[in-house]
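Structure file work.tsv (TSV, C-alpha atoms) follows.
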```tsv
chain	number	residue	atom	x	y	z
A	13	MET	CA	33.21	2.12	12.16
A	14	THR	CA	30.01	0.11	12.43
A	15	GLN	CA	31.80	-2.87	10.92
A	16	ALA	CA	33.75	-3.00	14.17
A	17	VAL	CA	30.47	-3.28	16.07
A	18	VAL	CA	29.40	-6.20	13.93
A	19	ASP	CA	32.76	-7.91	14.37
A	20	ARG	CA	32.63	-7.44	18.12
A	21	LEU	CA	29.15	-8.96	18.34
A	22	LYS	CA	30.12	-11.85	16.08
A	23	ALA	CA	33.09	-12.56	18.30
A	24	GLN	CA	30.94	-12.48	21.41
A	25	PHE	CA	27.83	-14.33	20.25
A	26	GLU	CA	29.23	-16.35	17.30
A	27	GLU	CA	26.45	-18.28	15.55
A	28	ARG	CA	23.76	-16.59	17.62
A	29	VAL	CA	24.13	-13.63	15.27
A	30	LEU	CA	21.92	-15.14	12.60
A	31	GLU	CA	22.50	-12.79	9.70
A	32	THR	CA	24.38	-9.60	8.99
A	33	SER	CA	23.94	-7.22	6.12
A	34	ASP	CA	25.34	-3.91	5.00
A	35	ALA	CA	23.63	-1.24	2.93
A	36	PHE	CA	25.83	1.77	2.13
A	37	GLY	CA	27.67	1.44	5.43
A	38	ASP	CA	24.59	0.92	7.57
A	39	HIS	CA	25.01	-2.43	9.23
A	40	GLU	CA	22.23	-4.63	10.39
A	41	LEU	CA	22.19	-7.84	12.34
A	42	VAL	CA	19.48	-10.35	12.96
A	43	ILE	CA	19.12	-11.88	16.38
A	44	ALA	CA	16.84	-14.69	17.54
A	45	VAL	CA	13.96	-13.48	19.62
A	46	THR	CA	15.21	-15.53	22.59
A	47	ASP	CA	18.55	-13.64	22.58
A	48	TRP	CA	16.94	-10.25	22.07
A	49	VAL	CA	17.36	-8.72	25.54
A	50	GLU	CA	20.72	-10.35	26.23
A	51	VAL	CA	22.31	-8.94	23.08
A	52	ALA	CA	20.77	-5.53	23.70
A	53	GLN	CA	22.09	-5.45	27.25
A	54	PHE	CA	25.55	-6.42	25.98
A	55	MET	CA	25.46	-3.66	23.36
A	56	LYS	CA	24.79	-1.10	26.02
A	57	ASP	CA	27.22	-2.38	28.70
A	58	ASP	CA	30.20	-3.48	26.61
A	59	GLY	CA	33.15	-1.11	26.88
A	60	ASP	CA	33.86	-1.15	23.13
A	61	LEU	CA	30.30	-0.68	21.95
A	62	GLN	CA	28.61	1.62	24.49
A	63	MET	CA	25.34	1.86	22.59
A	64	ASP	CA	23.83	4.36	25.00
A	65	HIS	CA	21.50	6.15	22.60
A	66	PHE	CA	18.21	4.37	21.97
A	67	ILE	CA	16.94	5.90	18.72
A	68	ASP	CA	13.83	3.94	17.94
A	69	LEU	CA	12.07	0.63	18.18
A	70	THR	CA	9.50	-0.25	15.59
A	71	ALA	CA	7.85	-3.20	13.89
A	72	ILE	CA	6.89	-4.29	10.38
A	73	ASP	CA	4.03	-6.59	9.45
A	74	TYR	CA	4.59	-9.23	6.74
A	75	PRO	CA	1.30	-11.13	6.80
A	76	GLU	CA	2.26	-13.31	3.85
A	77	ARG	CA	5.41	-14.64	5.52
A	78	GLU	CA	4.89	-18.06	7.02
A	79	SER	CA	7.95	-18.38	9.25
A	80	ALA	CA	7.35	-15.32	11.42
A	81	ARG	CA	4.84	-12.61	10.79
A	82	PHE	CA	6.57	-9.57	12.30
A	83	ASP	CA	9.94	-7.90	12.21
A	84	VAL	CA	10.86	-5.92	15.30
A	85	VAL	CA	13.58	-3.42	14.48
A	86	LEU	CA	15.80	-1.63	16.96
A	87	MET	CA	17.95	1.36	16.00
A	88	LEU	CA	20.87	2.28	18.20
A	89	ARG	CA	23.68	4.80	18.32
A	90	SER	CA	26.67	5.30	20.55
A	91	SER	CA	27.28	8.84	21.69
A	92	VAL	CA	30.87	7.82	22.53
A	93	THR	CA	32.01	6.24	19.27
A	94	GLY	CA	29.35	7.68	16.97
A	95	ALA	CA	28.56	4.23	15.58
A	96	ARG	CA	25.05	3.35	14.48
A	97	ILE	CA	23.62	-0.14	14.25
A	98	ARG	CA	20.30	-1.72	13.44
A	99	MET	CA	19.11	-4.88	15.11
A	100	ARG	CA	16.26	-7.00	13.89
A	101	THR	CA	14.38	-10.01	15.11
A	102	TYR	CA	11.60	-12.13	13.66
A	103	VAL	CA	8.54	-12.49	15.86
A	104	LYS	CA	5.70	-14.94	15.29
A	105	ASP	CA	2.14	-13.82	15.89
A	106	GLY	CA	1.51	-14.29	19.62
A	107	GLU	CA	5.18	-14.64	20.47
A	108	GLU	CA	6.47	-12.27	23.13
A	109	PRO	CA	9.95	-10.76	22.90
A	110	GLY	CA	11.42	-9.54	26.17
A	111	THR	CA	11.13	-5.89	27.06
A	112	LEU	CA	14.05	-3.52	26.53
A	113	SER	CA	12.67	-0.94	28.95
A	114	GLU	CA	15.04	-2.23	31.62
A	115	VAL	CA	17.97	-1.56	29.29
A	116	TRP	CA	16.94	1.81	27.84
A	117	SER	CA	14.01	3.44	29.61
A	118	GLY	CA	13.08	5.14	26.31
A	119	ALA	CA	12.01	1.74	25.00
A	120	ASN	CA	9.05	1.80	27.36
A	121	TRP	CA	6.85	4.04	25.23
A	122	ALA	CA	8.14	2.62	21.95
A	123	GLU	CA	7.05	-0.84	23.05
A	124	ARG	CA	3.68	0.50	24.10
A	125	GLU	CA	3.30	1.98	20.63
A	126	ILE	CA	4.18	-1.35	19.01
A	127	TRP	CA	1.61	-3.07	21.21
A	128	ASP	CA	-0.95	-0.43	20.26
A	129	MET	CA	-0.34	-0.54	16.53
A	130	PHE	CA	0.74	-4.15	15.88
A	131	GLY	CA	-0.42	-6.13	18.91
A	132	ILE	CA	3.00	-7.50	19.81
A	133	LYS	CA	3.29	-8.02	23.55
A	134	PHE	CA	6.58	-7.56	25.36
A	135	LYS	CA	7.34	-9.90	28.21
A	136	ASP	CA	7.82	-8.22	31.63
A	137	HIS	CA	6.94	-4.78	30.34
A	138	PRO	CA	6.05	-2.64	33.40
A	139	ASP	CA	3.03	-0.90	31.91
A	140	LEU	CA	1.85	-2.33	28.60
A	141	ARG	CA	-1.17	-0.15	27.78
A	142	ARG	CA	-2.23	1.48	24.54
A	143	ILE	CA	-0.40	4.77	24.11
A	144	LEU	CA	-1.99	6.52	21.12
A	145	LEU	CA	-5.38	4.90	20.73
A	146	TYR	CA	-8.09	4.49	23.33
A	147	GLU	CA	-8.76	1.44	25.46
A	148	GLU	CA	-12.10	0.82	23.71
A	149	PHE	CA	-10.35	0.27	20.37
A	150	VAL	CA	-10.59	-3.30	19.12
A	151	GLY	CA	-7.71	-4.65	17.05
A	152	HIS	CA	-4.41	-3.16	15.98
A	153	PRO	CA	-4.62	-0.75	13.04
A	154	LEU	CA	-1.15	-1.13	11.51
A	155	ARG	CA	-1.62	-4.84	11.01
A	156	LYS	CA	-2.18	-5.19	7.31
A	157	ASP	CA	-5.34	-7.25	7.80
A	158	TYR	CA	-7.04	-4.43	9.71
A	159	PRO	CA	-9.80	-3.12	7.40
A	160	ILE	CA	-8.47	0.09	5.91
A	161	ASP	CA	-11.74	1.96	6.37
A	162	LYS	CA	-12.84	0.66	9.72
A	163	ALA	CA	-13.44	3.46	12.21
A	164	GLN	CA	-14.36	2.94	15.84
A	165	PRO	CA	-15.92	6.19	17.06
A	166	LEU	CA	-15.97	6.91	20.78
A	167	VAL	CA	-18.95	9.23	20.38
A	168	PRO	CA	-21.78	7.82	18.26
A	169	TYR	CA	-22.12	9.80	15.07
A	170	ARG	CA	-24.91	12.34	15.10
A	171	GLU	CA	-28.36	11.41	13.88
A	172	VAL	CA	-29.06	14.30	11.54
A	173	ASP	CA	-32.78	13.55	11.35
A	174	ASP	CA	-33.59	14.91	14.78
A	175	THR	CA	-31.67	18.16	14.60
A	176	ASP	CA	-32.35	21.43	12.85
A	177	LYS	CA	-28.79	21.63	11.60
A	178	LEU	CA	-28.23	19.37	8.64
A	179	PRO	CA	-24.69	18.94	7.42
A	180	PRO	CA	-24.37	20.45	3.96
A	181	PHE	CA	-22.30	17.50	2.75
A	182	GLY	CA	-23.82	14.31	1.45
A	183	ILE	CA	-22.86	11.06	3.07
A	184	GLU	CA	-20.15	10.35	0.50
A	185	GLU	CA	-19.13	13.96	0.06
A	186	GLY	CA	-17.76	14.13	3.56
A	187	GLN	CA	-15.17	11.56	2.66
A	188	PRO	CA	-12.13	12.60	0.76
A	189	PHE	CA	-11.93	9.63	-1.56
A	190	ALA	CA	-15.54	8.44	-1.38
A	191	ARG	CA	-14.42	4.88	-1.32
A	192	ILE	CA	-16.93	3.21	0.88
A	193	ASP	CA	-20.32	3.93	2.40
A	194	TRP	CA	-20.68	4.78	6.05
A	195	GLU	CA	-22.73	1.87	7.27
A	196	SER	CA	-20.35	-0.80	6.08
A	197	ARG	CA	-17.37	1.15	7.36
A	198	LEU	CA	-18.83	1.40	10.82
A	199	ALA	CA	-19.86	-2.23	10.80
A	200	GLY	CA	-16.44	-3.23	9.48
A	201	SER	CA	-18.15	-5.59	7.11
A	202	ASP	CA	-16.43	-4.43	3.96
A	203	ASN	CA	-13.73	-6.75	2.78
A	204	GLN	CA	-11.39	-4.09	1.55
A	205	VAL	CA	-8.10	-4.29	3.37
A	206	SER	CA	-4.71	-2.90	2.51
A	207	PRO	CA	-3.61	-2.99	-1.13
A	208	ALA	CA	-0.99	-5.69	-0.60
A	209	ILE	CA	-3.52	-8.11	0.85
A	210	GLY	CA	-6.16	-7.03	-1.65
A	211	VAL	CA	-3.91	-8.08	-4.50
A	212	GLN	CA	-3.04	-11.32	-2.77
A	213	GLN	CA	-6.66	-12.24	-2.16
A	214	GLY	CA	-7.71	-11.24	-5.65
A	215	GLN	CA	-9.89	-8.37	-4.44
A	216	ARG	CA	-7.75	-5.80	-6.20
A	217	ARG	CA	-5.77	-5.81	-9.35
A	218	THR	CA	-2.17	-4.81	-9.34
A	219	LEU	CA	-1.30	-1.53	-10.99
A	220	SER	CA	0.37	-3.27	-13.94
A	221	ASP	CA	-2.83	-5.24	-14.47
A	222	SER	CA	-4.97	-2.15	-14.92
A	223	GLU	CA	-6.44	-0.78	-18.10
A	224	ALA	CA	-4.36	2.39	-17.82
A	225	ALA	CA	-1.17	0.35	-17.67
A	226	GLN	CA	-2.18	-1.59	-20.77
A	227	GLN	CA	-2.84	1.63	-22.65
A	228	ILE	CA	0.57	2.97	-21.69
A	229	GLN	CA	2.18	-0.27	-22.84
A	230	ALA	CA	0.34	-0.08	-26.16
A	231	ARG	CA	1.45	3.52	-26.62
A	232	ILE	CA	5.08	2.62	-25.98
A	233	ALA	CA	4.91	-0.28	-28.43
A	234	GLU	CA	3.37	1.99	-31.06
A	235	ARG	CA	6.10	4.59	-30.65
A	236	MET	CA	8.83	1.97	-30.84
A	237	ALA	CA	7.34	0.56	-34.05
A	238	LYS	CA	7.29	4.06	-35.53
A	239	ASP	CA	10.95	4.66	-34.64
A	240	GLU	CA	12.02	1.50	-36.42
B	21	MET	CA	-31.07	45.44	12.87
B	22	GLY	CA	-34.58	45.04	11.62
B	23	GLU	CA	-36.81	47.92	10.75
B	24	LEU	CA	-35.95	51.11	12.58
B	25	LYS	CA	-38.59	53.74	13.16
B	26	VAL	CA	-37.48	57.23	14.09
B	27	ILE	CA	-40.03	59.14	16.14
B	28	GLY	CA	-39.93	62.81	16.95
B	29	GLY	CA	-37.51	65.42	15.79
B	30	GLY	CA	-35.56	68.42	16.88
B	31	GLY	CA	-33.63	67.88	20.07
B	32	GLU	CA	-35.24	64.58	21.19
B	33	VAL	CA	-35.41	61.48	19.01
B	34	ALA	CA	-36.57	57.96	19.90
B	35	VAL	CA	-35.92	54.86	17.80
B	36	THR	CA	-38.15	51.81	17.98
B	37	THR	CA	-37.47	48.26	16.90
B	38	ARG	CA	-38.41	44.75	17.96
B	39	LEU	CA	-36.77	43.44	21.12
B	40	SER	CA	-35.68	40.22	19.39
B	41	ASP	CA	-33.98	42.23	16.66
B	42	LEU	CA	-32.18	44.29	19.23
B	43	LEU	CA	-31.04	41.15	21.05
B	44	GLN	CA	-29.76	39.52	17.85
B	45	TRP	CA	-27.97	42.73	16.96
B	46	ALA	CA	-26.29	42.78	20.36
B	47	ARG	CA	-25.33	39.12	20.06
B	48	LYS	CA	-23.78	39.36	16.65
B	49	TRP	CA	-21.47	42.20	17.65
B	50	SER	CA	-20.26	40.62	20.89
B	51	LEU	CA	-19.30	37.07	20.02
B	52	PHE	CA	-17.08	35.57	22.71
B	53	GLN	CA	-15.06	32.83	21.13
B	54	TYR	CA	-13.67	29.53	22.34
B	55	PRO	CA	-10.87	28.45	19.98
B	56	PHE	CA	-10.41	24.66	19.97
B	57	VAL	CA	-7.15	24.64	18.05
B	58	THR	CA	-5.64	21.24	17.26
B	59	ALA	CA	-3.58	21.63	14.10
B	60	CYS	CA	-1.85	23.83	11.55
B	61	CYS	CA	-5.01	25.87	10.81
B	62	GLY	CA	-4.27	27.53	14.14
B	63	MET	CA	-1.61	29.62	12.40
B	64	GLU	CA	-4.21	31.20	10.14
B	65	PHE	CA	-6.47	31.63	13.11
B	66	MET	CA	-3.71	33.54	14.89
B	67	ALA	CA	-3.16	35.67	11.79
B	68	THR	CA	-6.87	36.50	11.73
B	69	ALA	CA	-6.80	37.48	15.37
B	70	ALA	CA	-3.67	39.59	14.99
B	71	PRO	CA	-3.79	43.36	14.15
B	72	ARG	CA	-3.38	43.03	10.37
B	73	TYR	CA	-6.74	41.30	9.88
B	74	ASP	CA	-8.08	42.36	13.28
B	75	ILE	CA	-11.00	40.23	14.28
B	76	ALA	CA	-11.82	42.94	16.85
B	77	ARG	CA	-13.55	44.90	14.09
B	78	PHE	CA	-16.34	42.35	14.37
B	79	GLY	CA	-16.60	42.40	18.15
B	80	ALA	CA	-15.21	38.87	18.30
B	81	GLU	CA	-11.77	39.51	19.71
B	82	ALA	CA	-12.32	38.18	23.21
B	83	PRO	CA	-11.29	34.55	23.64
B	84	ARG	CA	-12.76	32.81	26.66
B	85	PHE	CA	-10.90	30.06	28.40
B	86	SER	CA	-14.05	28.38	29.59
B	87	PRO	CA	-16.69	27.11	27.19
B	88	ARG	CA	-19.30	28.21	29.72
B	89	GLN	CA	-18.59	31.86	28.93
B	90	SER	CA	-18.34	31.60	25.17
B	91	ASP	CA	-20.75	31.94	22.26
B	92	VAL	CA	-18.77	30.64	19.29
B	93	LEU	CA	-16.83	27.40	19.25
B	94	TRP	CA	-14.09	27.42	16.62
B	95	ILE	CA	-13.01	23.92	15.66
B	96	VAL	CA	-9.61	24.69	14.15
B	97	GLY	CA	-7.91	21.58	12.82
B	98	THR	CA	-8.13	17.81	12.70
B	99	ILE	CA	-10.29	16.09	15.29
B	100	SER	CA	-9.21	12.55	16.10
B	101	GLN	CA	-11.57	9.87	17.33
B	102	ARG	CA	-9.95	10.12	20.72
B	103	GLN	CA	-10.82	13.81	20.92
B	104	GLY	CA	-14.46	13.21	19.98
B	105	PRO	CA	-15.77	12.98	23.56
B	106	VAL	CA	-13.77	16.10	24.51
B	107	VAL	CA	-15.25	18.20	21.72
B	108	ARG	CA	-18.71	16.90	22.50
B	109	ARG	CA	-18.32	17.77	26.20
B	110	ILE	CA	-17.06	21.28	25.45
B	111	TRP	CA	-19.98	21.91	23.12
B	112	GLU	CA	-22.42	20.65	25.75
B	113	GLN	CA	-20.95	23.00	28.33
B	114	MET	CA	-21.58	26.09	26.23
B	115	ALA	CA	-24.66	28.10	27.12
B	116	ASP	CA	-27.33	28.79	24.51
B	117	PRO	CA	-27.37	30.52	22.12
B	118	LYS	CA	-24.19	28.98	20.75
B	119	TRP	CA	-22.63	28.63	17.34
B	120	VAL	CA	-19.94	26.39	15.88
B	121	ILE	CA	-17.53	27.20	13.07
B	122	ALA	CA	-15.62	24.38	11.38
B	123	PHE	CA	-12.33	25.96	10.37
B	124	GLY	CA	-10.56	24.31	7.45
B	125	THR	CA	-11.00	21.12	5.51
B	126	CYS	CA	-10.12	18.69	8.30
B	127	ALA	CA	-12.71	20.09	10.68
B	128	SER	CA	-15.28	20.24	7.89
B	129	CYS	CA	-14.93	16.76	6.40
B	130	GLY	CA	-11.79	15.09	7.67
B	131	GLY	CA	-9.63	16.36	4.82
B	132	PHE	CA	-7.19	13.79	3.53
B	133	TYR	CA	-7.27	11.84	6.77
B	134	ASP	CA	-9.38	8.90	5.71
B	135	ASN	CA	-8.46	6.39	8.36
B	136	TYR	CA	-9.17	4.77	11.71
B	137	ALA	CA	-7.90	7.71	13.72
B	138	THR	CA	-9.77	10.75	12.44
B	139	ILE	CA	-13.37	11.93	12.67
B	140	PRO	CA	-14.43	12.74	9.09
B	141	GLY	CA	-15.79	16.17	9.89
B	142	VAL	CA	-16.64	17.50	13.31
B	143	ASP	CA	-20.30	17.65	12.26
B	144	LYS	CA	-20.42	13.91	12.89
B	145	VAL	CA	-20.20	14.80	16.59
B	146	ILE	CA	-21.58	18.33	17.03
B	147	PRO	CA	-23.78	20.51	14.79
B	148	VAL	CA	-21.87	23.10	12.78
B	149	ASP	CA	-23.14	26.49	11.58
B	150	VAL	CA	-20.44	27.71	9.21
B	151	TYR	CA	-17.91	25.63	7.28
B	152	ILE	CA	-14.73	27.29	6.06
B	153	PRO	CA	-13.07	25.38	3.21
B	154	GLY	CA	-9.32	25.66	2.65
B	155	CYS	CA	-6.18	23.89	3.75
B	156	PRO	CA	-5.73	26.18	5.57
B	157	PRO	CA	-8.21	28.93	4.70
B	158	ARG	CA	-6.91	32.46	4.25
B	159	PRO	CA	-7.79	35.02	6.92
B	160	GLU	CA	-10.15	36.70	4.44
B	161	ALA	CA	-12.17	33.49	4.25
B	162	VAL	CA	-12.27	33.39	8.03
B	163	LEU	CA	-13.59	36.94	8.18
B	164	ASP	CA	-16.15	36.07	5.49
B	165	ALA	CA	-17.26	33.21	7.71
B	166	LEU	CA	-17.61	35.53	10.66
B	167	MET	CA	-19.69	37.97	8.64
B	168	LEU	CA	-21.87	35.15	7.35
B	169	LEU	CA	-22.36	34.00	10.92
B	170	GLN	CA	-23.35	37.52	11.91
B	171	ASP	CA	-25.93	37.60	9.11
B	172	LYS	CA	-27.24	34.24	10.24
B	173	ILE	CA	-27.52	35.41	13.83
B	174	GLN	CA	-29.38	38.54	12.78
B	175	ALA	CA	-31.76	36.54	10.63
B	176	ASN	CA	-32.10	33.80	13.27
B	177	ASP	CA	-31.12	31.32	10.57
B	178	ARG	CA	-29.95	27.92	11.87
B	179	LYS	CA	-29.16	26.38	8.50
B	180	PRO	CA	-25.47	25.51	8.03
B	181	ILE	CA	-23.58	27.30	5.33
B	182	ILE	CA	-20.27	26.90	3.51
B	183	VAL	CA	-18.23	30.04	2.95
B	184	PRO	CA	-18.39	30.64	-0.82
B	185	PRO	CA	-15.32	31.68	-2.80
B	186	ARG	CA	-14.85	35.34	-3.57
B	187	LEU	CA	-15.33	36.18	-7.22
B	188	VAL	CA	-14.18	39.74	-6.70
B	189	PRO	CA	-11.27	39.41	-4.27
B	190	GLU	CA	-11.81	42.64	-2.38
B	191	ARG	CA	-15.53	42.04	-1.87
B	192	ALA	CA	-16.95	39.65	0.65
B	193	PRO	CA	-19.64	37.33	-0.74
B	194	GLY	CA	-23.17	37.83	0.45
B	195	ARG	CA	-22.55	41.46	1.28
B	196	THR	CA	-23.07	43.13	-2.07
B	197	GLY	CA	-24.73	42.18	-5.29
B	198	GLU	CA	-21.51	41.83	-7.21
B	199	GLY	CA	-18.87	39.53	-5.87
B	200	HIS	CA	-21.47	37.16	-4.57
B	201	SER	CA	-21.17	33.78	-6.21
```
As structure tokens, the full file:
Amino acid sequence: MTQAVVDRLKAQFEERVLETSDAFGDHELVIAVTDWVEVAQFMKDDGDLQMDHFIDLTAIDYPERESARFDVVLMLRSSVTGARIRMRTYVKDGEEPGTLSEVWSGANWAEREIWDMFGIKFKDHPDLRRILLYEEFVGHPLRKDYPIDKAQPLVPYREVDDTDKLPPFGIEEGQPFARIDWESRLAGSDNQVSPAIGVQQGQRRTLSDSEAAQQIQARIAERMAKDE
Amino acid sequence: MGELKVIGGGGEVAVTTRLSDLLQWARKWSLFQYPFVTACCGMEFMATAAPRYDIARFGAEAPRFSPRQSDVLWIVGTISQRQGPVVRRIWEQMADPKWVIAFGTCASCGGFYDNYATIPGVDKVIPVDVYIPGCPPRPEAVLDALMLLQDKIQANDRKPIIVPPRLVPERAPGRTGEGHS
């Protein structure tokens, strides 16, 4: 059923549908960021497609990709035909795709969330404010180069020296994984970022590079030698 | 209550004690609570308040809907950075003497939320008297915490305390010799 949607869009937009793919019957098409709103509007208005159900709009960060840093992904469904389709576009850092809130009003908050988490602006959005975080927050936390341990407290953390109630936990004990000390986390000066970037920048080793992995490999080799 | 002296006998008896002891005794048996419930620990809090565990046995059954009328602030659940100023303001509005109970792991130390969004323990923002470990804690642990708080109030002890595990399940720690870890 969704193949028909893809065919219809290919017939309408021809080479402006950049790529199509199919995973277990879930079809996806890639649209240029300049055609983003036009194609979306067509999907909703066209008599054959009638994509009236806006499911979700989200983004993915690929910091290592040079052509365009972000994917913006739109998931749609038609309550008339039951067809589902996924639409994707590649967005460079700083580039502004047009807003879909005129097409589906549900996209309004989804786009605010993307702005909040990834820092992608949407052109002509009626009210592009942060939706989950606070206005004082600096940066966008789901970008993979946001330091993984950087907190930005609204209330300054308590000075325990001048109170009669000392927390029973030590400064590391309060943290579940005790990864980093408080001062550097608050200052944001630690270099630790997400694992993917850490591996890329040589700050972290990959799992297969670890001592544990080598031991497992040695054990497997030993067992295989014994079997022979 | 502290030391009680019984004077007289027969039909008329008078009991003497220190005024501060009497006040602390009155306070510990009439704790008005302000539940600040943000997450799943609230379910266990409701269970504790319901008839089976019956928090009314400890004189703490009356929830107040204004922090200005309450004595105990229960922080029940995860506190996000965005809620920090709210919690702080509520605590500031409470009249002295006031006590704070951190209910569950998230309120005590952030739990497994180790990220930009969550305050790693509400004691980073307000002082806490009793910490209840558990994810979520059982109602028995909550009642242990309440009894520990009562002991602390009676003794005028401001040092924070973590609810210890029960070695003997049916005995609350700190109450009897056995069962206390």
Gly141 of chain B surroundings by all atoms listed in the file, 7 Å radius, close-in-sequence under 4 positions cut, as a ChimeraX atom specification: /A:186 /B:126-130
Selection as a ChimeraX atom specification: residues within 12 Å of (-6.2, 28.0, 13.0), counting all atoms listed in the file: /B:55-69,94-98,121-127,152,154-159,161-162
Counting only C-alpha atoms, what are the residues of chain B within 8 Å of chain A, and for each of them which pair of atoms is the nearest and at what distance in Å, to one decimal? Sort the table by chain and rising number, as CSV.
```
residue,atom,partner,partner_atom,distance
B:Gln101,CA,A:Pro165,CA,5.7
B:Arg102,CA,A:Tyr146,CA,6.5
B:Gly104,CA,A:Val167,CA,6.0
B:Pro105,CA,A:Val167,CA,5.9
B:Arg108,CA,A:Val167,CA,8.0
B:Ser128,CA,A:Gly186,CA,7.9
B:Cys129,CA,A:Gly186,CA,4.8
B:Gly130,CA,A:Gln187,CA,7.0
B:Gly131,CA,A:Pro188,CA,6.1
B:Phe132,CA,A:Pro188,CA,5.8
B:Tyr133,CA,A:Pro188,CA,7.8
B:Asp134,CA,A:Pro188,CA,6.8
B:Asn135,CA,A:Asp161,CA,5.9
B:Tyr136,CA,A:Ala163,CA,4.5
B:Ala137,CA,A:Ala163,CA,7.1
B:Ile139,CA,A:Pro165,CA,7.7
B:Pro140,CA,A:Gln187,CA,6.6
B:Gly141,CA,A:Gly186,CA,6.9
B:Asp143,CA,A:Pro179,CA,6.7
B:Lys144,CA,A:Tyr169,CA,5.0
B:Val145,CA,A:Arg170,CA,5.5
B:Ile146,CA,A:Arg170,CA,7.1
B:Pro147,CA,A:Lys177,CA,6.0
B:Val148,CA,A:Lys177,CA,7.2
B:Asp149,CA,A:Lys177,CA,7.5
B:Arg178,CA,A:Lys177,CA,6.4
B:Lys179,CA,A:Lys177,CA,5.7
B:Pro180,CA,A:Lys177,CA,6.2
B:Ile181,CA,A:Pro180,CA,7.0
B:Ile182,CA,A:Pro180,CA,7.7
```
Restricted to C-alpha atoms, what would the selected residues look like written as a PDB file, keeping the file's coordinate frame?
```pdb
ATOM      1  CA  GLN B 101     -11.570   9.870  17.330  1.00  0.00           C
ATOM      2  CA  ARG B 102      -9.950  10.120  20.720  1.00  0.00           C
ATOM      3  CA  GLY B 104     -14.460  13.210  19.980  1.00  0.00           C
ATOM      4  CA  PRO B 105     -15.770  12.980  23.560  1.00  0.00           C
ATOM      5  CA  ARG B 108     -18.710  16.900  22.500  1.00  0.00           C
ATOM      6  CA  SER B 128     -15.280  20.240   7.890  1.00  0.00           C
ATOM      7  CA  CYS B 129     -14.930  16.760   6.400  1.00  0.00           C
ATOM      8  CA  GLY B 130     -11.790  15.090   7.670  1.00  0.00           C
ATOM      9  CA  GLY B 131      -9.630  16.360   4.820  1.00  0.00           C
ATOM     10  CA  PHE B 132      -7.190  13.790   3.530  1.00  0.00           C
ATOM     11  CA  TYR B 133      -7.270  11.840   6.770  1.00  0.00           C
ATOM     12  CA  ASP B 134      -9.380   8.900   5.710  1.00  0.00           C
ATOM     13  CA  ASN B 135      -8.460   6.390   8.360  1.00  0.00           C
ATOM     14  CA  TYR B 136      -9.170   4.770  11.710  1.00  0.00           C
ATOM     15  CA  ALA B 137      -7.900   7.710  13.720  1.00  0.00           C
ATOM     16  CA  ILE B 139     -13.370  11.930  12.670  1.00  0.00           C
ATOM     17  CA  PRO B 140     -14.430  12.740   9.090  1.00  0.00           C
ATOM     18  CA  GLY B 141     -15.790  16.170   9.890  1.00  0.00           C
ATOM     19  CA  ASP B 143     -20.300  17.650  12.260  1.00  0.00           C
ATOM     20  CA  LYS B 144     -20.420  13.910  12.890  1.00  0.00           C
ATOM     21  CA  VAL B 145     -20.200  14.800  16.590  1.00  0.00           C
ATOM     22  CA  ILE B 146     -21.580  18.330  17.030  1.00  0.00           C
ATOM     23  CA  PRO B 147     -23.780  20.510  14.790  1.00  0.00           C
ATOM     24  CA  VAL B 148     -21.870  23.100  12.780  1.00  0.00           C
ATOM     25  CA  ASP B 149     -23.140  26.490  11.580  1.00  0.00           C
ATOM     26  CA  ARG B 178     -29.950  27.920  11.870  1.00  0.00           C
ATOM     27  CA  LYS B 179     -29.160  26.380   8.500  1.00  0.00           C
ATOM     28  CA  PRO B 180     -25.470  25.510   8.030  1.00  0.00           C
ATOM     29  CA  ILE B 181     -23.580  27.300   5.330  1.00  0.00           C
ATOM     30  CA  ILE B 182     -20.270  26.900   3.510  1.00  0.00           C
TER      31      ILE B 182
END
```
Residue nearest Asn176 of chain B - candidates B:Ser50, B:Pro87, B:Gly29, B:Trp119, atoms counted: all atoms listed in the file: B:Trp119
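Closest approach to Asp164 of chain B among B:Phe52, B:Phe78, B:Trp45, B:Phe85: B:Phe78, based on only C-alpha atoms.
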Contacts of segment 87-95 of chain A at 6 Å (all atoms listed in the file; same-chain gap of 6+ positions) as a PyMOL selection string: chain A and resi 14+62-68
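Nearest residue to Ala82 of chain B, choosing from B:Leu51, B:Ile27, B:Leu43, B:Val106 and counting all atoms listed in the file: B:Leu51.
Residue nearest Pro109 of chain A, chosen from A:Glu26, A:Asp58, A:Glu50, A:Asp34 and counting all atoms listed in the file: A:Glu50.
For the atom pair formed by atom CA of Asp105 of chain A and atom CA of Phe25 of chain A, the distance is 26.1 Å, given to one decimal.
Here atom CA of Arg77 of chain A and atom CA of Asp157 of chain A stand 13.2 Å from one another.
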Between atom CA of Ala34 of chain B and atom CA of Lys172 of chain B - distance in Å to one decimal: 27.3 Å
Point (-19.6, 38.4, 10.5), cut-off 12 Å, counting all atoms listed in the file, residues as a PyMOL selection string: chain B and resi 45+47-51+75-80+92+121+150+160-174+183+192-195
Shell around Lys135 of chain A at 6 Å using all atoms listed in the file, local window under 3 positions removed, as JSON, numbers by chain: {"A": [108, 109, 110, 111]}
Can I get the selection written as a PDB file, keeping the file's coordinate frame, with C-alpha atoms?
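Writing done, so here's part_18.pdb:
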```pdb
ATOM      1  CA  GLU A 108       6.470 -12.270  23.130  1.00  0.00           C
ATOM      2  CA  PRO A 109       9.950 -10.760  22.900  1.00  0.00           C
ATOM      3  CA  GLY A 110      11.420  -9.540  26.170  1.00  0.00           C
ATOM      4  CA  THR A 111      11.130  -5.890  27.060  1.00  0.00           C
TER       5      THR A 111
END
```
